[in-house]
Each structure stands twice: as C-alpha cells, then as structure tokens.
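One structure is given below, encoded as structure tokens.
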Amino acid sequence: MQRLESEERQLSTRVWFNIGMKWRGLEDKPDAERGLPLSARLAERRELIARYVAAETQAASRRAVEELRASGIENRVPKPDATAPEFQLPDQDGKPVSSHELLQRGRLVVTFYRGRWCPFCVAQLEAMNEAVAQIREAGAELVAISPQTVHQSFLMRDQHRLQFALLSDAGNHVARQFGLVYRVPDYQQQIYARSFTNLPFINGDSTWELPLSATFVLERDRRILWASADPDYTTRPEPADILAQLKRP
C-alpha cells in the first residue's frame, strides 16, 4: 500500500509538471487561448488540477488558501481612495522603472503575481497582454510585479511575448508596502519542491514569501481608483473590468 501511494504521488508530480509546462507556453499551439475570457482560462486550469493532481495535494492547496484568508491579510491591502506607495524596480532587462515617472503620463495598472512557475499567473498575464493596447489607448500603462529575479522575468517576457514591463521586487519590498506578503506554509513548500518549483532559486532568497495576486488602478496622484486582491490564487480580475475602470472620468 505504501509503495502504491508513493507511485501515485510520483505520477501526480509528473502530470503536474507536464501540465505546468503546457501552461507556461510550451504547448504546440501557444495562441490556442487567445480571445477567451480570463475566467474560462482559469476554469480550464482548475479542471485539469481536479482531474490529474493528487487529492492530498489539492487538499493542501485549499488549506493554504483558507488559512491565508482566515489570517485577515485582505484587511491589510489598501482600498480605493488610499494613496499607493511609490516604487522603483528593475524590469526584465535590468532597467529601473519608476512609478512616479509612469504616473506623469497617465493612470497606471499595477498587477502583483507570484511568478512564471504559476499557471494561473501565466493565464492572467497573457490575457492582460491581449488588452495592453486598449489599456494604452485609454491613456494608462501596465506593469506586473513579482519577487522572481530579473533573469526569470526576462525568460517569462520572452517566452510569452509580453508587451509590458515585468518588474522584479527582490525580497517583496514593494509588495510588503501594499500589504500583500505572506509566507508559504511548510507543508506547501514540500509540494512545491516535488513539482520542481524551487522558490529560493526563482526568487533569489530563502524566505519562501510570495505576494497575494492583486491588481490596482492608480490615478496620476497615486490615489487608488480600483483594487482587487484575493487569497485564492486561482481567481483573477477580468481585463475587461480593468478597462472599464480606466474609462471612468
């Protein structure tokens, strides 16, 4: 029985890795999801997880989300009308990008994501990439922030052909100012390790800290016009909802 359970865990890990590679843009048809609502892309990923990932792994992920929600972390996230922190971070090419300079030109959409290893983050950023022209037509700019290293951001932007800046927030310094940072629990660290998600290597530190997935629309004076943050990393706002906020006077 113990051997069978071990084999099942190994199979689940291999399936998770193969699905993950597909989600990271390495499938035969990288444009297969183009035009689909983000909700449909996320639902597909949830369905594949339910079908192929071991029940104990799914239960651990649900537990982590529930514990994070129970911690009250959402109460720390700045709400509309609050003033957002200023930041300057390196983009995927190591070039410094300043929120102050971007806000001189217009509104700013700031998306925090976990990293290129997260299939739900990939789905969100690919969907945002399809909307980036409309975001700019609305007089705004888009940046996405994660704790992954500059090199990881370079690989992600190149792999997914993203047309906006991916900023590297070493040590989650900026995410912490937005109230988004949490530590991956020990039992989930073990799951990540089995699925080849080496966060200390990807992020360049050993803290095992991540930001909540969150999106903010900032006015030029740094006032938060709209905010979305959820402890459930499988849930993300639709680009259409963000565009609707940008069309507000």
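Quick note on naming: the chains in the structure tokens go A, B, ... in the order shown, residues restart at 1 in each chain, and ligands are numbered from 1 in order of appearance.
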
message: Can you tell me which residues surround Gly106 of chain A at a distance of at most 8 Å, considering only C-alpha atoms, apart from same-chain residues fewer than 6 positions away, and format the answer as a PyMOL selection string?
response: chain A and resi 139-141+219-220

Let's have the selection written as a PDB file, in the first residue's frame, with N, CA and C atoms.
```
ATOM      1  N   GLY A 139      -5.017  55.735 -22.147  1.00  0.00           N
ATOM      2  CA  GLY A 139      -4.108  56.692 -21.507  1.00  0.00           C
ATOM      3  C   GLY A 139      -3.414  56.169 -20.274  1.00  0.00           C
ATOM      4  N   ALA A 140      -3.295  54.838 -20.162  1.00  0.00           N
ATOM      5  CA  ALA A 140      -2.678  54.248 -18.983  1.00  0.00           C
ATOM      6  C   ALA A 140      -1.514  53.349 -19.401  1.00  0.00           C
ATOM      7  N   GLU A 141      -0.747  52.923 -18.403  1.00  0.00           N
ATOM      8  CA  GLU A 141       0.341  51.965 -18.623  1.00  0.00           C
ATOM      9  C   GLU A 141       0.136  50.793 -17.682  1.00  0.00           C
ATOM     10  N   GLU A 219      -4.584  56.473  -9.957  1.00  0.00           N
ATOM     11  CA  GLU A 219      -4.691  57.787 -10.569  1.00  0.00           C
ATOM     12  C   GLU A 219      -3.306  58.431 -10.613  1.00  0.00           C
ATOM     13  N   ARG A 220      -3.186  59.497 -11.346  1.00  0.00           N
ATOM     14  CA  ARG A 220      -1.881  60.138 -11.516  1.00  0.00           C
ATOM     15  C   ARG A 220      -1.319  60.682 -10.210  1.00  0.00           C
TER      16      ARG A 220
END
```

message: So that I can check the secondary structure, give me every residue of segment 75-239 of chain A assigned strand (DSSP E or B) by backbone DSSP, as a VMD selection string.
response: chain A and resid 83 88 to 90 96 to 98 107 to 112 140 to 146 165 to 168 181 to 183 209 to 211 213 to 218 223 to 230

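Among the candidates A:Arg63, A:Ala214, A:Ile191, A:Phe164, the one nearest to Glu238 of chain A when counting only C-alpha atoms is A:Ala214.
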
field: Among the residues A:Thr234, A:Asn203, A:Gln188, A:Ser213, the one that comes closest to Glu56 of chain A [using only C-alpha atoms]
entry: A:Gln188

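When only C-alpha atoms are used to compute distances to Arg45 of chain A, the closest of the residues A:Arg116, A:Asn75, A:Ala123, A:Asp91 turns out to be A:Ala123.
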